[in-house]
>>> print(open('upload-v4.cif').read())   # mmCIF, C-alpha atoms
data_data
loop_
_atom_site.group_PDB
_atom_site.id
_atom_site.type_symbol
_atom_site.label_atom_id
_atom_site.label_comp_id
_atom_site.auth_asym_id
_atom_site.auth_seq_id
_atom_site.Cartn_x
_atom_site.Cartn_y
_atom_site.Cartn_z
ATOM 1 C CA MET A 1 -49.970 -26.165 -23.751
ATOM 2 C CA VAL A 2 -53.095 -27.473 -25.495
ATOM 3 C CA ASP A 3 -52.119 -30.493 -27.616
ATOM 4 C CA GLY A 4 -55.522 -31.328 -29.098
ATOM 5 C CA CYS A 5 -56.024 -34.411 -26.933
ATOM 6 C CA HIS A 6 -58.562 -32.837 -24.603
ATOM 7 C CA SER A 7 -61.573 -30.583 -25.110
ATOM 8 C CA SER A 8 -61.744 -27.345 -23.228
ATOM 9 C CA ALA A 9 -63.756 -27.326 -20.014
ATOM 10 C CA LYS A 10 -66.476 -25.388 -21.808
ATOM 11 C CA ALA A 11 -66.620 -27.905 -24.646
ATOM 12 C CA ARG A 12 -66.860 -30.789 -22.200
ATOM 13 C CA ARG A 13 -69.695 -29.096 -20.332
ATOM 14 C CA THR A 14 -71.478 -28.439 -23.621
ATOM 15 C CA LYS A 15 -71.076 -32.069 -24.649
ATOM 16 C CA ILE A 16 -72.488 -33.511 -21.464
ATOM 17 C CA LEU A 17 -75.320 -30.965 -21.478
ATOM 18 C CA ARG A 18 -76.292 -32.077 -24.965
ATOM 19 C CA ARG A 19 -76.294 -35.714 -23.848
ATOM 20 C CA VAL A 20 -78.378 -35.088 -20.755
ATOM 21 C CA THR A 21 -80.829 -32.853 -22.630
ATOM 22 C CA ALA A 22 -81.291 -35.386 -25.396
ATOM 23 C CA ALA A 23 -81.863 -38.204 -22.942
ATOM 24 C CA ALA A 24 -84.317 -36.092 -20.949
ATOM 25 C CA LEU A 25 -86.350 -35.594 -24.093
ATOM 26 C CA ALA A 26 -86.392 -39.347 -24.620
ATOM 27 C CA LEU A 27 -87.533 -40.016 -21.087
ATOM 28 C CA GLY A 28 -90.186 -37.329 -21.494
ATOM 29 C CA GLY A 29 -91.810 -39.191 -24.342
ATOM 30 C CA ALA A 30 -89.739 -38.374 -27.412
ATOM 31 C CA ALA A 31 -88.758 -41.410 -29.476
ATOM 32 C CA LEU A 32 -85.031 -40.682 -29.463
ATOM 33 C CA PHE A 33 -83.811 -44.164 -28.569
ATOM 34 C CA ALA A 34 -86.611 -46.003 -30.349
ATOM 35 C CA GLY A 35 -85.929 -44.115 -33.555
ATOM 36 C CA THR A 36 -82.209 -44.783 -33.406
ATOM 37 C CA ALA A 37 -82.744 -48.479 -32.799
ATOM 38 C CA ALA A 38 -85.192 -48.728 -35.649
ATOM 39 C CA ALA A 39 -82.716 -47.091 -38.017
ATOM 40 C CA GLN A 40 -79.930 -49.479 -37.035
ATOM 41 C CA THR A 41 -79.001 -52.083 -39.638
ATOM 42 C CA GLY A 42 -76.167 -53.765 -37.797
ATOM 43 C CA TYR A 43 -72.575 -53.370 -36.686
ATOM 44 C CA ILE A 44 -69.397 -55.309 -37.363
ATOM 45 C CA GLY A 45 -67.462 -54.894 -34.142
ATOM 46 C CA ILE A 46 -64.096 -55.742 -32.649
ATOM 47 C CA LEU A 47 -63.283 -55.879 -28.939
ATOM 48 C CA GLY A 48 -59.912 -54.975 -27.505
ATOM 49 C CA GLY A 49 -58.057 -53.868 -24.403
ATOM 50 C CA GLY A 50 -54.577 -52.465 -23.897
ATOM 51 C CA PRO A 51 -53.581 -52.142 -27.572
ATOM 52 C CA ILE A 52 -56.386 -49.600 -27.979
ATOM 53 C CA TYR A 53 -55.265 -47.171 -25.284
ATOM 54 C CA LYS A 54 -51.519 -47.704 -25.041
ATOM 55 C CA ARG A 55 -50.766 -45.106 -27.718
ATOM 56 C CA ASN A 56 -49.636 -47.305 -30.615
ATOM 57 C CA LEU A 57 -50.361 -45.291 -33.748
ATOM 58 C CA THR A 58 -50.263 -48.403 -35.934
ATOM 59 C CA ASN A 59 -53.098 -49.876 -33.888
ATOM 60 C CA ILE A 60 -55.078 -46.635 -34.092
ATOM 61 C CA SER A 61 -54.696 -46.585 -37.875
ATOM 62 C CA GLU A 62 -55.705 -50.264 -38.155
ATOM 63 C CA LEU A 63 -58.866 -49.748 -36.140
ATOM 64 C CA LYS A 64 -59.726 -46.605 -38.060
ATOM 65 C CA LYS A 65 -59.351 -48.146 -41.511
ATOM 66 C CA ALA A 66 -59.951 -51.892 -41.184
ATOM 67 C CA GLY A 67 -63.684 -51.784 -41.863
ATOM 68 C CA PHE A 68 -65.126 -52.479 -38.424
ATOM 69 C CA THR A 69 -68.013 -50.168 -37.601
ATOM 70 C CA GLU A 70 -68.032 -50.700 -33.831
ATOM 71 C CA LEU A 71 -65.148 -50.674 -31.359
ATOM 72 C CA LEU A 72 -65.708 -52.320 -27.988
ATOM 73 C CA VAL A 73 -63.182 -51.216 -25.364
ATOM 74 C CA TRP A 74 -62.712 -53.858 -22.662
ATOM 75 C CA SER A 75 -62.901 -54.112 -19.704
ATOM 76 C CA VAL A 76 -64.132 -51.272 -17.498
ATOM 77 C CA GLU A 77 -63.892 -52.239 -13.834
ATOM 78 C CA VAL A 78 -66.132 -50.573 -11.235
ATOM 79 C CA ASN A 79 -64.694 -50.734 -7.722
ATOM 80 C CA ALA A 80 -66.520 -50.476 -4.422
ATOM 81 C CA ALA A 81 -66.072 -46.682 -4.376
ATOM 82 C CA GLY A 82 -67.466 -46.330 -7.897
ATOM 83 C CA ASP A 83 -64.113 -45.499 -9.514
ATOM 84 C CA LEU A 84 -63.727 -46.694 -13.117
ATOM 85 C CA ASN A 85 -60.576 -48.391 -14.329
ATOM 86 C CA LEU A 86 -59.629 -50.211 -17.537
ATOM 87 C CA ASN A 87 -58.161 -53.640 -16.829
ATOM 88 C CA GLY A 88 -56.734 -52.644 -13.476
ATOM 89 C CA GLU A 89 -54.003 -50.610 -15.189
ATOM 90 C CA PHE A 90 -55.681 -47.476 -16.538
ATOM 91 C CA PRO A 91 -57.612 -45.363 -13.981
ATOM 92 C CA LEU A 92 -60.421 -43.525 -15.793
ATOM 93 C CA THR A 93 -62.383 -41.761 -13.066
ATOM 94 C CA SER A 94 -62.118 -41.057 -9.354
ATOM 95 C CA LYS A 95 -64.587 -39.258 -7.107
ATOM 96 C CA GLY A 96 -66.648 -38.092 -10.050
ATOM 97 C CA LYS A 97 -63.751 -36.694 -12.083
ATOM 98 C CA TYR A 98 -62.082 -37.997 -15.252
ATOM 99 C CA ILE A 99 -58.428 -38.722 -14.470
ATOM 100 C CA GLY A 100 -57.489 -40.806 -17.511
ATOM 101 C CA ALA A 101 -55.278 -38.077 -18.961
ATOM 102 C CA LYS A 102 -52.798 -38.667 -16.156
ATOM 103 C CA THR A 103 -52.024 -42.149 -17.508
ATOM 104 C CA TRP A 104 -52.777 -41.965 -21.243
ATOM 105 C CA PRO A 105 -53.199 -38.292 -22.184
ATOM 106 C CA HIS A 106 -53.873 -39.011 -25.872
ATOM 107 C CA PHE A 107 -56.673 -41.518 -25.305
ATOM 108 C CA ALA A 108 -59.551 -39.133 -26.045
ATOM 109 C CA HIS A 109 -57.820 -37.910 -29.195
ATOM 110 C CA ASP A 110 -57.089 -41.470 -30.354
ATOM 111 C CA LEU A 111 -60.688 -42.595 -29.867
ATOM 112 C CA GLN A 112 -61.892 -39.586 -31.818
ATOM 113 C CA SER A 113 -59.391 -40.394 -34.559
ATOM 114 C CA ILE A 114 -60.672 -43.977 -34.765
ATOM 115 C CA LYS A 115 -64.213 -42.671 -34.933
ATOM 116 C CA SER A 116 -63.334 -40.364 -37.812
ATOM 117 C CA GLY A 117 -62.752 -43.462 -39.947
ATOM 118 C CA LYS A 118 -65.070 -46.412 -40.530
ATOM 119 C CA VAL A 119 -65.950 -46.917 -36.861
ATOM 120 C CA THR A 120 -69.259 -45.197 -36.125
ATOM 121 C CA ARG A 121 -69.856 -46.427 -32.581
ATOM 122 C CA ILE A 122 -67.531 -46.720 -29.590
ATOM 123 C CA THR A 123 -68.777 -48.951 -26.810
ATOM 124 C CA PHE A 124 -67.188 -49.386 -23.383
ATOM 125 C CA SER A 125 -67.735 -52.856 -21.930
ATOM 126 C CA VAL A 126 -68.268 -52.990 -18.154
ATOM 127 C CA GLY A 127 -67.483 -56.167 -16.260
ATOM 128 C CA SER A 128 -66.093 -59.612 -16.986
ATOM 129 C CA SER A 129 -65.871 -62.852 -15.064
ATOM 130 C CA ASN A 130 -65.166 -62.946 -11.314
ATOM 131 C CA PHE A 131 -64.215 -59.312 -10.750
ATOM 132 C CA GLY A 132 -67.311 -58.209 -8.812
ATOM 133 C CA ASP A 133 -68.087 -55.151 -10.922
ATOM 134 C CA PHE A 134 -71.831 -55.660 -10.998
ATOM 135 C CA GLU A 135 -71.888 -56.619 -7.332
ATOM 136 C CA ASN A 136 -70.244 -53.258 -6.661
ATOM 137 C CA ILE A 137 -72.774 -51.536 -8.905
ATOM 138 C CA LYS A 138 -75.622 -53.161 -6.968
ATOM 139 C CA ALA A 139 -74.165 -52.060 -3.627
ATOM 140 C CA LEU A 140 -73.748 -48.495 -4.879
ATOM 141 C CA VAL A 141 -77.249 -48.370 -6.369
ATOM 142 C CA ASP A 142 -78.707 -49.749 -3.127
ATOM 143 C CA SER A 143 -76.810 -47.266 -0.956
ATOM 144 C CA GLN A 144 -76.777 -44.118 -3.096
ATOM 145 C CA GLY A 145 -79.363 -44.575 -5.821
ATOM 146 C CA THR A 146 -78.654 -43.328 -9.345
ATOM 147 C CA GLY A 147 -79.442 -39.623 -9.054
ATOM 148 C CA LYS A 148 -77.122 -36.761 -9.898
ATOM 149 C CA LYS A 149 -75.485 -36.906 -6.464
ATOM 150 C CA SER A 150 -74.622 -40.605 -6.710
ATOM 151 C CA ILE A 151 -71.056 -41.582 -7.519
ATOM 152 C CA LEU A 152 -72.128 -43.798 -10.425
ATOM 153 C CA TYR A 153 -73.903 -40.880 -12.057
ATOM 154 C CA LYS A 154 -70.940 -38.554 -11.488
ATOM 155 C CA ASP A 155 -68.327 -40.990 -12.783
ATOM 156 C CA PHE A 156 -70.227 -41.989 -15.914
ATOM 157 C CA ALA A 157 -71.075 -38.331 -16.538
ATOM 158 C CA ALA A 158 -67.374 -37.526 -16.311
ATOM 159 C CA LEU A 159 -66.603 -40.350 -18.753
ATOM 160 C CA ALA A 160 -69.224 -39.062 -21.188
ATOM 161 C CA ALA A 161 -67.816 -35.547 -21.014
ATOM 162 C CA ALA A 162 -64.220 -36.641 -21.593
ATOM 163 C CA LEU A 163 -64.465 -39.413 -24.190
ATOM 164 C CA PRO A 164 -66.508 -40.060 -27.372
ATOM 165 C CA VAL A 165 -68.318 -43.096 -25.954
ATOM 166 C CA ASP A 166 -71.708 -43.964 -27.449
ATOM 167 C CA ALA A 167 -72.765 -47.053 -25.512
ATOM 168 C CA ILE A 168 -72.067 -49.024 -22.341
ATOM 169 C CA ASP A 169 -71.962 -52.800 -22.697
ATOM 170 C CA PHE A 170 -73.047 -55.000 -19.758
ATOM 171 C CA ASP A 171 -70.786 -58.042 -19.382
ATOM 172 C CA ASP A 172 -72.234 -59.248 -16.104
ATOM 173 C CA GLU A 173 -71.144 -62.845 -15.526
ATOM 174 C CA ASN A 174 -71.606 -63.059 -11.750
ATOM 175 C CA GLY A 175 -74.029 -60.563 -10.230
ATOM 176 C CA TYR A 176 -77.329 -61.019 -12.079
ATOM 177 C CA ASP A 177 -79.387 -58.587 -10.007
ATOM 178 C CA SER A 178 -82.099 -57.294 -12.283
ATOM 179 C CA GLU A 179 -83.367 -54.439 -10.103
ATOM 180 C CA SER A 180 -80.028 -52.630 -9.794
ATOM 181 C CA THR A 181 -79.094 -53.437 -13.396
ATOM 182 C CA VAL A 182 -82.278 -51.857 -14.736
ATOM 183 C CA LYS A 183 -81.780 -48.761 -12.579
ATOM 184 C CA PHE A 184 -78.159 -48.502 -13.730
ATOM 185 C CA ALA A 185 -79.191 -48.753 -17.377
ATOM 186 C CA VAL A 186 -81.873 -46.087 -17.045
ATOM 187 C CA MET A 187 -79.313 -43.810 -15.386
ATOM 188 C CA LEU A 188 -76.966 -44.304 -18.332
ATOM 189 C CA GLY A 189 -79.809 -43.400 -20.663
ATOM 190 C CA LYS A 190 -80.256 -40.122 -18.815
ATOM 191 C CA LEU A 191 -76.587 -39.403 -19.547
ATOM 192 C CA GLY A 192 -77.097 -39.978 -23.262
ATOM 193 C CA TYR A 193 -75.579 -43.437 -23.554
ATOM 194 C CA HIS A 194 -77.107 -46.384 -25.323
ATOM 195 C CA VAL A 195 -76.862 -49.757 -23.589
ATOM 196 C CA THR A 196 -75.864 -53.135 -24.998
ATOM 197 C CA ILE A 197 -75.515 -56.483 -23.237
ATOM 198 C CA ASN A 198 -72.838 -59.150 -23.591
ATOM 199 C CA PRO A 199 -74.243 -62.475 -22.337
ATOM 200 C CA TYR A 200 -73.029 -66.026 -22.677
ATOM 201 C CA ILE A 201 -75.481 -67.823 -20.337
ATOM 202 C CA ASN A 202 -78.672 -67.070 -18.400
ATOM 203 C CA ASN A 203 -80.802 -66.169 -21.405
ATOM 204 C CA SER A 204 -84.069 -65.899 -19.445
ATOM 205 C CA TYR A 205 -82.466 -63.373 -17.087
ATOM 206 C CA TRP A 206 -81.163 -61.246 -19.925
ATOM 207 C CA THR A 207 -84.337 -61.273 -21.980
ATOM 208 C CA SER A 208 -86.248 -60.161 -18.881
ATOM 209 C CA VAL A 209 -83.742 -57.390 -18.082
ATOM 210 C CA VAL A 210 -83.786 -56.040 -21.634
ATOM 211 C CA SER A 211 -87.584 -56.089 -21.627
ATOM 212 C CA GLN A 212 -87.672 -54.171 -18.334
ATOM 213 C CA ILE A 213 -85.140 -51.568 -19.477
ATOM 214 C CA ASN A 214 -86.768 -50.946 -22.828
ATOM 215 C CA GLY A 215 -90.154 -50.937 -21.142
ATOM 216 C CA GLN A 216 -89.020 -47.856 -19.235
ATOM 217 C CA VAL A 217 -86.976 -46.245 -22.022
ATOM 218 C CA PRO A 218 -87.893 -47.660 -25.443
ATOM 219 C CA GLY A 219 -84.823 -48.471 -27.507
ATOM 220 C CA LEU A 220 -82.301 -47.827 -24.738
ATOM 221 C CA VAL A 221 -80.917 -51.359 -25.131
ATOM 222 C CA HIS A 222 -80.401 -51.500 -28.857
ATOM 223 C CA ALA A 223 -78.066 -54.453 -29.392
ATOM 224 C CA VAL A 224 -77.011 -57.775 -27.888
ATOM 225 C CA HIS A 225 -73.368 -58.880 -28.176
ATOM 226 C CA LEU A 226 -73.859 -62.610 -27.767
ATOM 227 C CA GLN A 227 -70.751 -64.604 -26.841
ATOM 228 C CA ASN A 228 -70.382 -67.596 -29.169
ATOM 229 C CA PHE A 229 -66.955 -68.713 -27.957
ATOM 230 C CA ALA A 230 -65.391 -70.152 -24.791
ATOM 231 C CA GLY A 231 -68.240 -70.497 -22.248
ATOM 232 C CA GLY A 232 -70.738 -69.458 -24.913
ATOM 233 C CA SER A 233 -69.392 -71.766 -27.614
ATOM 234 C CA GLY A 234 -72.698 -73.605 -28.010
ATOM 235 C CA ASN A 235 -74.782 -70.464 -28.435
ATOM 236 C CA SER A 236 -76.659 -69.551 -31.584
ATOM 237 C CA PRO A 237 -78.157 -66.122 -32.265
ATOM 238 C CA CYS A 238 -81.025 -67.961 -33.929
ATOM 239 C CA SER A 239 -82.097 -70.080 -30.968
ATOM 240 C CA GLY A 240 -82.796 -69.280 -27.320
ATOM 241 C CA TRP A 241 -81.811 -65.614 -27.509
ATOM 242 C CA ASP A 242 -84.913 -63.808 -28.746
ATOM 243 C CA PHE A 243 -84.981 -60.132 -27.767
ATOM 244 C CA GLY A 244 -87.800 -59.084 -30.070
ATOM 245 C CA ASP A 245 -86.803 -55.968 -32.005
ATOM 246 C CA VAL A 246 -83.357 -55.791 -30.374
ATOM 247 C CA PRO A 247 -80.817 -57.305 -32.804
ATOM 248 C CA VAL A 248 -78.455 -60.052 -31.694
ATOM 249 C CA PHE A 249 -74.866 -59.807 -32.949
ATOM 250 C CA PRO A 250 -72.913 -63.063 -32.471
ATOM 251 C CA GLY A 251 -69.319 -62.860 -31.265
ATOM 252 C CA LEU A 252 -66.588 -64.987 -32.829
ATOM 253 C CA SER A 253 -63.042 -65.687 -31.645
ATOM 254 C CA ASP A 254 -59.655 -65.249 -33.320
ATOM 255 C CA GLN A 255 -57.986 -66.739 -30.221
ATOM 256 C CA THR A 256 -57.229 -70.441 -29.916
ATOM 257 C CA SER A 257 -57.542 -70.262 -26.109
ATOM 258 C CA ALA A 258 -61.142 -69.066 -26.506
ATOM 259 C CA PRO A 259 -62.520 -71.735 -28.849
ATOM 260 C CA PRO A 260 -63.848 -72.206 -31.373
ATOM 261 C CA PHE A 261 -61.137 -70.300 -33.206
ATOM 262 C CA VAL A 262 -62.222 -69.105 -36.651
ATOM 263 C CA THR A 263 -60.264 -67.744 -39.584
ATOM 264 C CA PRO A 264 -61.686 -64.767 -41.485
ATOM 265 C CA ALA A 265 -63.154 -67.116 -44.089
ATOM 266 C CA GLU A 266 -64.687 -69.330 -41.388
ATOM 267 C CA ALA A 267 -66.133 -66.242 -39.679
ATOM 268 C CA GLU A 268 -67.751 -65.245 -42.957
ATOM 269 C CA ALA A 269 -69.251 -68.705 -43.385
ATOM 270 C CA LYS A 270 -70.695 -68.787 -39.853
ATOM 271 C CA LEU A 271 -72.242 -65.347 -40.166
ATOM 272 C CA LYS A 272 -73.607 -66.136 -43.610
ATOM 273 C CA SER A 273 -75.276 -69.270 -42.239
ATOM 274 C CA TRP A 274 -76.868 -67.368 -39.346
ATOM 275 C CA HIS A 275 -77.941 -64.590 -41.702
ATOM 276 C CA ALA A 276 -79.719 -67.147 -43.876
ATOM 277 C CA GLN A 277 -81.280 -68.844 -40.853
ATOM 278 C CA CYS A 278 -82.542 -65.855 -38.858
ATOM 279 C CA GLY A 279 -81.492 -62.650 -40.607
ATOM 280 C CA ILE A 280 -78.656 -61.416 -38.370
ATOM 281 C CA THR A 281 -77.255 -58.093 -39.554
ATOM 282 C CA GLY A 282 -74.074 -57.795 -37.497
ATOM 283 C CA GLY A 283 -71.390 -59.561 -35.512
ATOM 284 C CA TRP A 284 -68.243 -58.902 -33.517
ATOM 285 C CA LEU A 285 -64.776 -60.314 -32.957
ATOM 286 C CA TRP A 286 -62.881 -61.302 -29.823
ATOM 287 C CA ILE A 287 -60.131 -59.970 -29.609
ATOM 288 C CA PHE A 288 -58.071 -57.183 -31.232
ATOM 289 C CA ASP A 289 -55.159 -57.803 -28.838
ATOM 290 C CA GLN A 290 -54.535 -61.137 -30.535
ATOM 291 C CA ILE A 291 -54.197 -59.754 -34.079
ATOM 292 C CA ALA A 292 -52.981 -56.164 -33.611
ATOM 293 C CA GLY A 293 -50.150 -55.210 -35.939
ATOM 294 C CA THR A 294 -51.089 -57.714 -38.657
ATOM 295 C CA ASP A 295 -53.248 -57.612 -41.767
ATOM 296 C CA LEU A 296 -55.878 -59.767 -40.023
ATOM 297 C CA PRO A 297 -58.118 -56.939 -38.715
ATOM 298 C CA LYS A 298 -58.826 -55.854 -42.289
ATOM 299 C CA GLN A 299 -59.398 -59.458 -43.404
ATOM 300 C CA TYR A 300 -61.808 -60.202 -40.560
ATOM 301 C CA ALA A 301 -63.728 -56.947 -41.079
ATOM 302 C CA HIS A 302 -64.050 -57.589 -44.808
ATOM 303 C CA ASP A 303 -65.136 -61.215 -44.506
ATOM 304 C CA MET A 304 -67.493 -60.640 -41.580
ATOM 305 C CA THR A 305 -69.179 -57.801 -43.447
ATOM 306 C CA LYS A 306 -69.679 -60.130 -46.407
ATOM 307 C CA GLY A 307 -71.078 -62.791 -44.086
ATOM 308 C CA VAL A 308 -73.853 -60.678 -42.615
ATOM 309 C CA SER A 309 -74.764 -59.263 -46.012
ATOM 310 C CA GLY A 310 -75.781 -62.731 -47.163
ATOM 311 C CA LYS A 311 -73.971 -62.255 -50.470
#
>>> encode(input="upload-v4.cif", output="structure tokens")
Amino acid sequence: MVDGCHSSAKARRTKILRRVTAAALALGGAALFAGTAAAQTGYIGILGGGPIYKRNLTNISELKKAGFTELLVWSVEVNAAGDLNLNGEFPLTSKGKYIGAKTWPHFAHDLQSIKSGKVTRITFSVGSSNFGDFENIKALVDSQGTGKKSILYKDFAALAAALPVDAIDFDDENGYDSESTVKFAVMLGKLGYHVTINPYINNSYWTSVVSQINGQVPGLVHAVHLQNFAGGSGNSPCSGWDFGDVPVFPGLSDQTSAPPFVTPAEAEAKLKSWHAQCGITGGWLWIFDQIAGTDLPKQYAHDMTKGVSGK
């Protein structure tokens, strides 16, 4: 029985064909990515894990209506075989096939529902600290490349065909291999994804990587999600993190264990100060899991939007 949670095989093939065709045009000289980046005015994002995919309709409604314009789904793990898995508990792909419906069959439908509201971009964040995801990516790129026969290409193609994902976020906190990272990013561009990065240290590495990626595919990296909490608590989007035309969106924390904790009003004040100092147009919040089921998502979205508007 078709329950509306999954596209037909034909629809999925059509979707991935559109993505690959569009990206091929960009790589052939069309200004697809550059034009999109230029049109971007900023996103107010929220990052979350299990509460996004564990089929809680209250959470889906909150994310749809709160006022955030970007949803970052965290954290996609890449194992040594290239399989993709969310947080070690939700297998997404295996051997080039999407298998997520076996665990959470409504996930595709729920993401599409969220995206029918105020969220306009869904971003999947790859990596985190001390899990080896980008080391595995490097090994796979070195051994198989990034062509259509490589497992990375197949698995991210399967993800693109199954889910309404617009961008892949690089949260590399251990690997830092620029050659494989650039190749991986360009591969994602061929599949129709945008790329964002999620740094907290190593600014010279990241500015170089973004320059290399966008040098090959202009506008492919079109945002930076800068961590301004926990290990990145001393960061400022206005100092030391200059990516030229690529906007920097500072990340703030609603979690006391990832200081500095900020209330919605304090988030507004921080963003307003950075907007006045260097013109930031967006920001994001760590983490939805902490505030799901409360009225705080709406408060944070409202106040953060006010903060980056400068009003």
>>> residues_around(input="upload-v4.cif", residues="A:Phe261", least_positions_apart="2", cutoff="12 Å", atoms="all atoms listed in the file", output="number ranges by chain")
A: 228-230, 233, 251-259, 263-267, 270, 285-287, 290
>>> closest_residue(input="upload-v4.cif", among="A:Leu296, A:Gly189, A:Glu135, A:Ile197", to="A:Pro247", atoms="all atoms listed in the file")
A:Ile197
>>> atom_distance(input="upload-v4.cif", atom1="atom CA of A:Ser61", atom2="atom CA of A:Ile291")
13.7 Å
>>> atom_distance(input="upload-v4.cif", atom1="atom CA of A:Lys306", atom2="atom CA of A:Gly42")
12.5 Å
>>> resolve_selection(input="upload-v4.cif", expression="the PyMOL selection byres ((chain A and resi 206) around 10)", output="number ranges by chain")
A: 172, 176, 178, 197-205, 207-212, 224, 241-243
>>> resolve_selection(input="upload-v4.cif", expression="the PyMOL selection byres ((chain A and resi 273-283) around 6)", output="ChimeraX atom specification")
/A:42-44,238,249-251,270-272,284,308
>>> closest_residue(input="upload-v4.cif", among="A:Phe170, A:Phe124, A:Phe107, A:Phe184", to="A:Val141", atoms="only C-alpha atoms")
A:Phe184
>>> atom_distance(input="upload-v4.cif", atom1="atom CA of A:His222", atom2="atom CA of A:Val246")
5.4 Å
>>> residues_around(input="upload-v4.cif", residues="stretch 87-99 of chain A", least_positions_apart="4", cutoff="12 Å", atoms="all atoms listed in the file", output="JSON, numbers by chain")
{"A": [6, 9, 12, 48, 49, 50, 51, 52, 53, 54, 73, 74, 75, 76, 77, 78, 79, 80, 81, 82, 83, 103, 104, 105, 107, 108, 124, 125, 126, 127, 128, 131, 133, 148, 149, 150, 151, 152, 153, 154, 155, 156, 157, 158, 159, 160, 161, 162, 163]}
>>> axis_aligned_box(input="upload-v4.cif", around="stretch 80-85 of chain A", padding_each_side="6 Å", output="lines of an AutoDock Vina configuration file")
center_x = -64.0
center_y = -48.0
center_z = -9.4
size_x = 18.9
size_y = 17.0
size_z = 22.0
